[in-house]
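Undergrad: Here it is: the structure, laid out below.
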Amino acid sequence: MASDVDAPILSVEDLTVGFGMRQGMLEVLHGVSFELRRGQTTAIVGESGSGKSVTARAILNMVPRPGVILGGRILFRPEAGQEADLTALDPRGPAIREIRGGRIGMIFQEPMSSLSPVHTIGNQIIEAIRLHRDVSKKQARSIAREMLEQVEIPKAERALDQYSFEFSGGMRQRAMIAMALSCHPDVLIADEPTTALDVTTQAEILDLMARLQTELRMAIMFITHDMGVVAEISDDVVVMEQGHVVEHNDTHGLFAYQAHPYTRKLLGAVKRLDEPATEKVRHQHDADDILRVEDLRLHFHTRKGFLQRTTDTTKAVDGVSFTLKRGESLGIVGESGSGKTTVGRCIARVYEPSDGAIDYDGVDLVNADGSQLRGYRQQIRMIFQDPFASLNPRMTVKQIIAEPLVVNGVAGGSELEDRVASLLRQVGLDPLMMERYPHAFSGGQRQRIVVARAIALKPKLVIADEPTSALDVSIRTQVLDLLLRLQAELDLSFIFISHDMAVIRYFCDRVAVMYRGRIVEVGETEQIITDPQHPYTQALLSSVPISDPSQRGTRQRHRYQENA
Amino acid sequence: MIWRYIVKRIIWMVPFLFAVSVVAFLLIQAPPGDYLTTYIAKLGESNEVLDQATIDNLRRRFGLDQPLYVQYLKWVANLLQGDFGMSFEWRQPVSDLVWERMGLTFMLSFATLLFTWAVAFPIGVYSAVKKYSIGDYVATTIGFIGLATPNFLLALILMYIGVVYFGTDVGGLFSNEYKNAPWSMGKVIDLLKHLWLPVVVLGTSATASLIRIMRANLLDELSKPYVDTARAKGLSEFWLIMKYPVRVALNPFISTIGWVLPNLVSGAVITAIVLSLPTAGPLMLQALLSQDMFLAGAFVLLLSSLTVIGMLISDILLVLLDPRVKYE
């Protein structure tokens with residue numbers, strides 16, 4: 001419909017937002033302008049700190065304190081001839097509250113924490129409906145049930161009375177979408193709605209949003225840092241860097257030609273992940289096995305009742321076998337709940353395997369006693385996903401990196417400081433920073449600190465559990481390159497756990513695909529990616545967004561159903 | 001289900017109370033001597049001397065000549081029939097002494113709890129929502145003073161103010177004319193007139209700490225994403241704060257039910273003496289000092305039961321209020 005395309009439903013004009021700090025006003029948005037149109041998806045792209053989320057909140061006039069809208073206008077035109085400047089409204093007044101949730105819906109990044117843990121899903125959706133639509137409780141409940149059915153939540157009637165923690169991440173995000181759309185808003189703001197989800201779930205949520213957009217003729221503002229997702233869903237793209245809009249183009253145009261170097265950098269980071277790293281040093285094929293895992297099992301038992309009988313057994317790891325050669329990187333890929341993290345923790349002996357054998361360099365790790373394990377824990381180190389949570393905020397970087405050295409009695413005194421300094425240099429950080437605390441570092445720098453801590457004891461095997469998932473794409477490749485360099489320098493072997501096929505392709509020699517506690521396919525990375533044999537691997541690969549809008553719709557996405 | 005959980009918890013109380021009765025009995029018996037030695041020493045002070053035959057006779061009459069376990073078993077056997085025994089000192093059945101005192105203690109505790117909640121809840125919420133405002137600083141300052149002032153000192157100050165500036169008699173829970181009168185409307189009104197002072201005195205420090213807890217908890221919750229979600233729905237600021245973060249931050253309030261009773265009885269003895277409150281604390285202290293075994297034992301046992309019941313109630317409320325808490 002031409003008239004729809006002509007009149008933008010929402011125009012952001014020269015928006016400026018600042019945060020009142022002790023030192024004065026710190027501007028975080030410097031005159032941002034863009035438009036949203038009915039039936040179209042506008043992607044807002046940028047790395048963390050670029051001001052995407054602040055922009056989204058400014059539209060609903062709910063910039064968190066101490067943020068203040070300093071200037072600019074946000075014009076909202078729900079019907080022809082109607083126009084309201086959202087920035088001029090009282091942020092607590094009834095006028096803006098009528099628009100929030102009623103005309104403009106919003107969904108957030110963290111499906112785990114964006115729903116109240118102590119209210120039922122139904123309660124929260126019904127509340128949203130009754131705030132904006134004049135219906136009885138009973139009617140609202142049936143609307144809520146319809147919404148849940150529309151977002152494809154099974155057993156909708158029952159789901160209404162469940163709590164968010166009883167749902168998986170994908171189901172929660174569906175419930176969030178149902179809530180945001182329950183009043184048929186004209187605009188939907190989605191703030192990184194799929195970032196916390198694995199690829200299979202992400203693909204389903206993206207499909208769902210596209211379908212609902214056509215049905216409800218909404219404008220969608222889709223905030224993301226993932227260019228692959230942008231290529232999949234958006235009509236036009238706004239690129240933001242440090243509070244500025246640096247580029248604005250339609251999606252095809254932007255992927256064909258990037259005017260701004262920042263856009264080029266963003267896309268380049270994604271493109272580089274489409275192939276194996278050039279820096280990758282192949283291990284020697286005649287190398288011996290450093291690790292052999294045979295028929296590894298870990299079962300969790302749910303015990304119930306007075307006698308603590310086992311009522312339910314979760315087979316988190318159900319007969320996993322693989323080998324790892326010296327100097328090799330083995331990727332373990334799978335969706336959340338597939339048991340990939342559990343395998344890693346069994347090898348590090350954080351968990352006690354129920355059954356099976358782990359042969360590390362000729363030693364049986366499953367039956368090793370405490371003192372033996374202590375020796376192997378120096379050789380087998382872990383890198384964790386969240387660099388914000390895995391560093392103690394009350395320890396300086398020096399203390400953090402020195403801790404394994406001190407605990408194991410490797411170094412002390414002035415030698416300790418030298419070792420920490422050289423480790424920091426090795427991971428590309430300035431040794432002068434060692435007296436600072438983790439909060440002074442960015443996500444990428446923190447992950448470098450984590451890496452420095454992991455290699456402090458000169459390990460032979462590193463288990464990296466989603467080491468780059470919490471990082472922006474451009475920083476992702478930097479950290480991966482660092483790991484590759486260290487692998488060559490220190491002759492490390494890696495077990496690399498990830499749900500991200502692109503990262504695995506970049507980093508790993510071989511890959512094992514896990515599904516429900518089992519390895520369904522294992523082989524050379526390139527071979528598996530180009531010619532997957534198992535239907536689950538095919539489904540998994542079909543869900544990965546392609547960062548090329550011209551290939552949109554050429555692929556049939558599907559979810560693998562066992563015995564289906 | 002919840003009923004099974006409650007029944008299970010109640011069944012668990014039986015061995016617990018049994019253990020408490022043993023410990024209580026042993027503790028009371030732990031100091032050297034028994035009630036008679038205290039009694040003799042007291043008589044000795046006024047130069048009265050009992051001959052050995054009288055002492056033996058008394059000891060037999062009180063049953064103090066029997067071995068400990070026999071004394072304990074007799075006590076427990078009587079307890080199970082609802083007989084708390086005789087108080088040596090007061091020469092009255094223990095139950096008569098205890099019920100009056102426990103009733104008033106319970107009522108005072110309850111009133112204090114309500115006062116604590118009524119004051120701490122709004123101030124705590126206000127303090128968190130308006131962080132670093134003047135109101136927050138005032139509440140914080142008063143809170144810290146409340147925490148730091150010993151209860152008995154506060155009691156003395158308030159009594160002084162009451163007597164000197166308002167000319168009212170503020171000690172005790174009743175005026176003289178009602179002290180021994182049977183219950184009547186007038187007595188209830190008189191009680192309410194006297195109640196506010198001990199409630200304020202006893203509740204202040206708990207209120208102050210609850211304000212701090214509420215503020216800290218709510219501050220954590222206010223920045224949670226689900227608050228943003230609620231705001232993006234179009235809820236008004238007041239309702240969204242009340243319905244979501246406050247509800248989650250409420251758990252410590254419920255937990256206070258469990259500790260308010262033991263705290264009032266064992267922690268407020270000095271205050272109760274200063275204010276001459278006819279509550280359980282002073283009587284229990286006296287019973288322990290004179291090794292009035294059955295009286296002290298009854299108090300300890302009752303307090304333990306009340307504590308356990310309080311904990312049970314707060315746990316049940318927690319389960320009802322917070323679906324994340326599992327009853328397993």
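Ordered as shown in the structure tokens, chains take letters A, B, and onward, while each chain numbers its residues from 1 and ligands are numbered from 1 in the order shown.
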Using only C-alpha atoms, find which residues of chain B lie within 10 Å of chain A and jot them down as a list in words.
TA: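 Only these qualify: Ser223, Lys224, Pro225, Tyr226, Val227, Asp228, Thr229, Ala230, Arg231, Ala232, Lys233, Gly234, Leu235, Ser236, Glu237, Phe238, Lys243, Tyr244, Pro245, Arg247, Val248, Leu321, Asp322, Pro323, Arg324, Val325 and Glu328 of chain B.
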Undergrad: Just list as a count of residues only whatever in range 97-173 of chain A DSSP marks as helix (DSSP H, G or I).
TA: 41
Undergrad: Between CA of Leu432 in chain A and CA of Arg448 in chain A, what is the spacing in Å?
TA: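 That distance, rounded to one decimal, is 14.8 Å.
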Undergrad: I'd like the interatomic distance between CA of Arg446 in chain A and CA of Gln399 in chain A, to a tenth of an Å.
TA: 13.9 Å
Undergrad: Extract the full set of strand (DSSP E) residues from range 136-345 of chain A according to DSSP on the backbone, and format it as a PyMOL selection string.
TA: chain A and resi 187-191+219-224+236-241+244-250+289-304+309-325+329-333
Undergrad: Which distance in Å separates CA of Phe496 in chain A and CA of Gln378 in chain A, to one decimal?
TA: 18.2 Å
Undergrad: Tell me, as a list in words, which residues lie within 8 Å of range 203-215 of chain A, counting only C-alpha atoms; anything in the same chain fewer than 5 positions away does not count.
TA: Gly39, Val151, Gly170, Gln173, Arg174, Thr194, Ile220, Ile233, Ser543, Val544, Pro545 and Arg557 of chain A
Undergrad: With all heavy atoms retained, export the selected residues as a JSON list (two decimals), in the first residue's frame.
TA:
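Output saved as selection-v5.json:
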[["chain", "number", "residue", "atom", "x", "y", "z"],
["A", 39, "GLY", "N", 4.61, -2.22, 8.36],
["A", 39, "GLY", "CA", 4.88, -3.41, 7.56],
["A", 39, "GLY", "C", 6.35, -3.59, 7.22],
["A", 39, "GLY", "O", 6.70, -4.51, 6.50],
["A", 151, "VAL", "N", 1.58, -17.51, 19.07],
["A", 151, "VAL", "CA", 3.04, -17.61, 19.10],
["A", 151, "VAL", "C", 3.49, -19.06, 19.26],
["A", 151, "VAL", "O", 4.64, -19.34, 19.58],
["A", 151, "VAL", "CB", 3.67, -16.73, 20.20],
["A", 151, "VAL", "CG1", 3.38, -15.27, 19.95],
["A", 151, "VAL", "CG2", 3.19, -17.14, 21.57],
["A", 170, "GLY", "N", 13.42, -20.09, 24.78],
["A", 170, "GLY", "CA", 12.65, -19.80, 23.57],
["A", 170, "GLY", "C", 11.18, -19.60, 23.88],
["A", 170, "GLY", "O", 10.53, -18.70, 23.35],
["A", 173, "GLN", "N", 10.60, -16.26, 25.41],
["A", 173, "GLN", "CA", 10.63, -15.17, 24.45],
["A", 173, "GLN", "C", 9.32, -15.16, 23.65],
["A", 173, "GLN", "O", 8.81, -14.10, 23.32],
["A", 173, "GLN", "CB", 11.85, -15.30, 23.55],
["A", 173, "GLN", "CG", 12.27, -14.02, 22.85],
["A", 173, "GLN", "CD", 12.58, -12.87, 23.80],
["A", 173, "GLN", "OE1", 11.69, -12.37, 24.48],
["A", 173, "GLN", "NE2", 13.83, -12.46, 23.86],
["A", 174, "ARG", "N", 8.76, -16.34, 23.39],
["A", 174, "ARG", "CA", 7.46, -16.39, 22.72],
["A", 174, "ARG", "C", 6.40, -15.73, 23.59],
["A", 174, "ARG", "O", 5.55, -14.97, 23.10],
["A", 174, "ARG", "CB", 7.05, -17.84, 22.46],
["A", 174, "ARG", "CG", 7.76, -18.45, 21.28],
["A", 174, "ARG", "CD", 7.55, -19.95, 21.25],
["A", 174, "ARG", "NE", 8.49, -20.56, 20.34],
["A", 174, "ARG", "CZ", 8.25, -20.72, 19.04],
["A", 174, "ARG", "NH1", 7.10, -20.35, 18.54],
["A", 174, "ARG", "NH2", 9.15, -21.25, 18.26],
["A", 194, "THR", "N", 16.76, -12.13, 20.11],
["A", 194, "THR", "CA", 17.20, -13.51, 19.90],
["A", 194, "THR", "C", 18.65, -13.73, 20.32],
["A", 194, "THR", "O", 19.18, -14.83, 20.17],
["A", 194, "THR", "CB", 17.06, -13.90, 18.41],
["A", 194, "THR", "OG1", 17.84, -12.98, 17.64],
["A", 194, "THR", "CG2", 15.63, -13.84, 17.96],
["A", 220, "ILE", "N", 8.42, -2.81, 12.60],
["A", 220, "ILE", "CA", 9.30, -3.42, 13.61],
["A", 220, "ILE", "C", 10.62, -2.69, 13.62],
["A", 220, "ILE", "O", 11.21, -2.41, 12.57],
["A", 220, "ILE", "CB", 9.54, -4.92, 13.31],
["A", 220, "ILE", "CG1", 8.24, -5.70, 13.49],
["A", 220, "ILE", "CG2", 10.61, -5.49, 14.23],
["A", 220, "ILE", "CD1", 8.38, -7.20, 13.34],
["A", 233, "ILE", "N", 16.21, -10.55, 8.00],
["A", 233, "ILE", "CA", 14.87, -10.05, 8.27],
["A", 233, "ILE", "C", 14.61, -8.59, 7.89],
["A", 233, "ILE", "O", 13.45, -8.22, 7.75],
["A", 233, "ILE", "CB", 14.51, -10.19, 9.77],
["A", 233, "ILE", "CG1", 15.55, -9.48, 10.62],
["A", 233, "ILE", "CG2", 14.40, -11.64, 10.17],
["A", 233, "ILE", "CD1", 14.93, -8.87, 11.83],
["A", 543, "SER", "N", 19.47, -23.37, 10.21],
["A", 543, "SER", "CA", 19.01, -22.27, 11.08],
["A", 543, "SER", "C", 20.00, -21.12, 11.15],
["A", 543, "SER", "O", 19.65, -20.04, 11.61],
["A", 543, "SER", "CB", 18.80, -22.78, 12.51],
["A", 543, "SER", "OG", 18.02, -23.92, 12.51],
["A", 544, "VAL", "N", 21.23, -21.35, 10.72],
["A", 544, "VAL", "CA", 22.23, -20.29, 10.83],
["A", 544, "VAL", "C", 21.88, -19.18, 9.85],
["A", 544, "VAL", "O", 21.70, -19.42, 8.67],
["A", 544, "VAL", "CB", 23.64, -20.84, 10.51],
["A", 544, "VAL", "CG1", 24.67, -19.74, 10.58],
["A", 544, "VAL", "CG2", 23.97, -21.98, 11.44],
["A", 545, "PRO", "N", 21.76, -17.94, 10.33],
["A", 545, "PRO", "CA", 21.44, -16.85, 9.41],
["A", 545, "PRO", "C", 22.58, -16.64, 8.41],
["A", 545, "PRO", "O", 23.75, -16.71, 8.78],
["A", 545, "PRO", "CB", 21.31, -15.63, 10.32],
["A", 545, "PRO", "CG", 21.40, -16.11, 11.72],
["A", 545, "PRO", "CD", 21.96, -17.48, 11.70],
["A", 557, "ARG", "N", 14.05, -23.50, 6.35],
["A", 557, "ARG", "CA", 14.48, -23.78, 7.72],
["A", 557, "ARG", "C", 13.62, -24.88, 8.31],
["A", 557, "ARG", "O", 12.42, -24.93, 8.07],
["A", 557, "ARG", "CB", 14.35, -22.54, 8.58],
["A", 557, "ARG", "CG", 15.48, -21.59, 8.42],
["A", 557, "ARG", "CD", 15.53, -20.68, 9.60],
["A", 557, "ARG", "NE", 14.48, -19.68, 9.51],
["A", 557, "ARG", "CZ", 14.74, -18.40, 9.21],
["A", 557, "ARG", "NH1", 15.95, -18.00, 8.98],
["A", 557, "ARG", "NH2", 13.79, -17.54, 9.15]]
Undergrad: When you look at range 286-291 of chain A with a cut-off of 6 Å (counting only C-alpha atoms), what residues show up, excluding the ones that are within fewer than 3 positions of it in the same chain? I need them as a ChimeraX atom specification.
TA: /A:323-326,359-361
Undergrad: I want to know what sits within 9 Å of Ile254 in chain B, based on only C-alpha atoms, with residues of the same chain fewer than 5 positions away left out; could you give that as a list in words?
TA: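 The contact residues come out as Ile313, Ser314, Asp315, Leu317 and Leu318 of chain B.
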Undergrad: Would you output that residue set with N, CA and C atoms, as a PDB file, in the first residue's frame?
TA:
ATOM      1  N   ILE B 313       5.008 -20.964  59.916  1.00  0.00           N
ATOM      2  CA  ILE B 313       4.089 -20.012  59.284  1.00  0.00           C
ATOM      3  C   ILE B 313       4.818 -19.186  58.234  1.00  0.00           C
ATOM      4  N   SER B 314       6.023 -18.719  58.580  1.00  0.00           N
ATOM      5  CA  SER B 314       6.718 -17.886  57.608  1.00  0.00           C
ATOM      6  C   SER B 314       7.122 -18.710  56.390  1.00  0.00           C
ATOM      7  N   ASP B 315       7.494 -19.964  56.603  1.00  0.00           N
ATOM      8  CA  ASP B 315       7.846 -20.801  55.455  1.00  0.00           C
ATOM      9  C   ASP B 315       6.642 -21.053  54.561  1.00  0.00           C
ATOM     10  N   LEU B 317       4.032 -19.121  54.251  1.00  0.00           N
ATOM     11  CA  LEU B 317       3.720 -17.877  53.548  1.00  0.00           C
ATOM     12  C   LEU B 317       4.688 -17.659  52.390  1.00  0.00           C
ATOM     13  N   LEU B 318       5.954 -17.999  52.621  1.00  0.00           N
ATOM     14  CA  LEU B 318       6.956 -17.840  51.558  1.00  0.00           C
ATOM     15  C   LEU B 318       6.587 -18.690  50.350  1.00  0.00           C
TER      16      LEU B 318
END
Undergrad: Using only C-alpha atoms, which residues sit within 10 Å of Leu70 in chain A once same-chain residues fewer than 5 positions away are excluded, as a list in words?
TA: Leu15, Thr16, Val17, Gly18, Phe19, Met25, Glu27, Leu29, His30, Gly31 and Thr87 of chain A
Undergrad: Got a sec: who's within 7 Å of Thr41 in chain A, counting only C-alpha atoms, leaving out chain neighbours fewer than 6 positions off, as an NGL selection string?
TA: :A and (219-222 or 234-236)
Undergrad: Next, the residues of the selection above should be written as a compact mmCIF listing (two decimals), in the first residue's frame with N, CA, C and O atoms.
TA:
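Done, and the output landed in again04.txt:
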# COMPACT_ATOMS: atom_id res chain seq x y z
N ALA A 219 5.07 -1.98 12.19
CA ALA A 219 6.45 -1.58 11.91
C ALA A 219 7.31 -2.23 12.99
O ALA A 219 6.93 -2.23 14.16
N ILE A 220 8.42 -2.81 12.60
CA ILE A 220 9.30 -3.42 13.61
C ILE A 220 10.62 -2.69 13.62
O ILE A 220 11.21 -2.41 12.57
N MET A 221 11.05 -2.34 14.84
CA MET A 221 12.39 -1.80 15.01
C MET A 221 13.19 -2.91 15.68
O MET A 221 12.90 -3.30 16.80
N PHE A 222 14.15 -3.44 14.96
CA PHE A 222 14.84 -4.65 15.42
C PHE A 222 16.29 -4.28 15.77
O PHE A 222 17.09 -3.97 14.90
N SER A 234 15.64 -7.76 7.77
CA SER A 234 15.31 -6.33 7.75
C SER A 234 15.10 -5.80 6.34
O SER A 234 15.59 -6.35 5.36
N ASP A 235 14.32 -4.70 6.27
CA ASP A 235 14.12 -4.01 5.01
C ASP A 235 15.14 -2.90 4.86
O ASP A 235 15.66 -2.66 3.79
N ASP A 236 15.38 -2.17 5.96
CA ASP A 236 16.47 -1.20 5.91
C ASP A 236 17.25 -1.22 7.22
O ASP A 236 16.80 -1.76 8.22
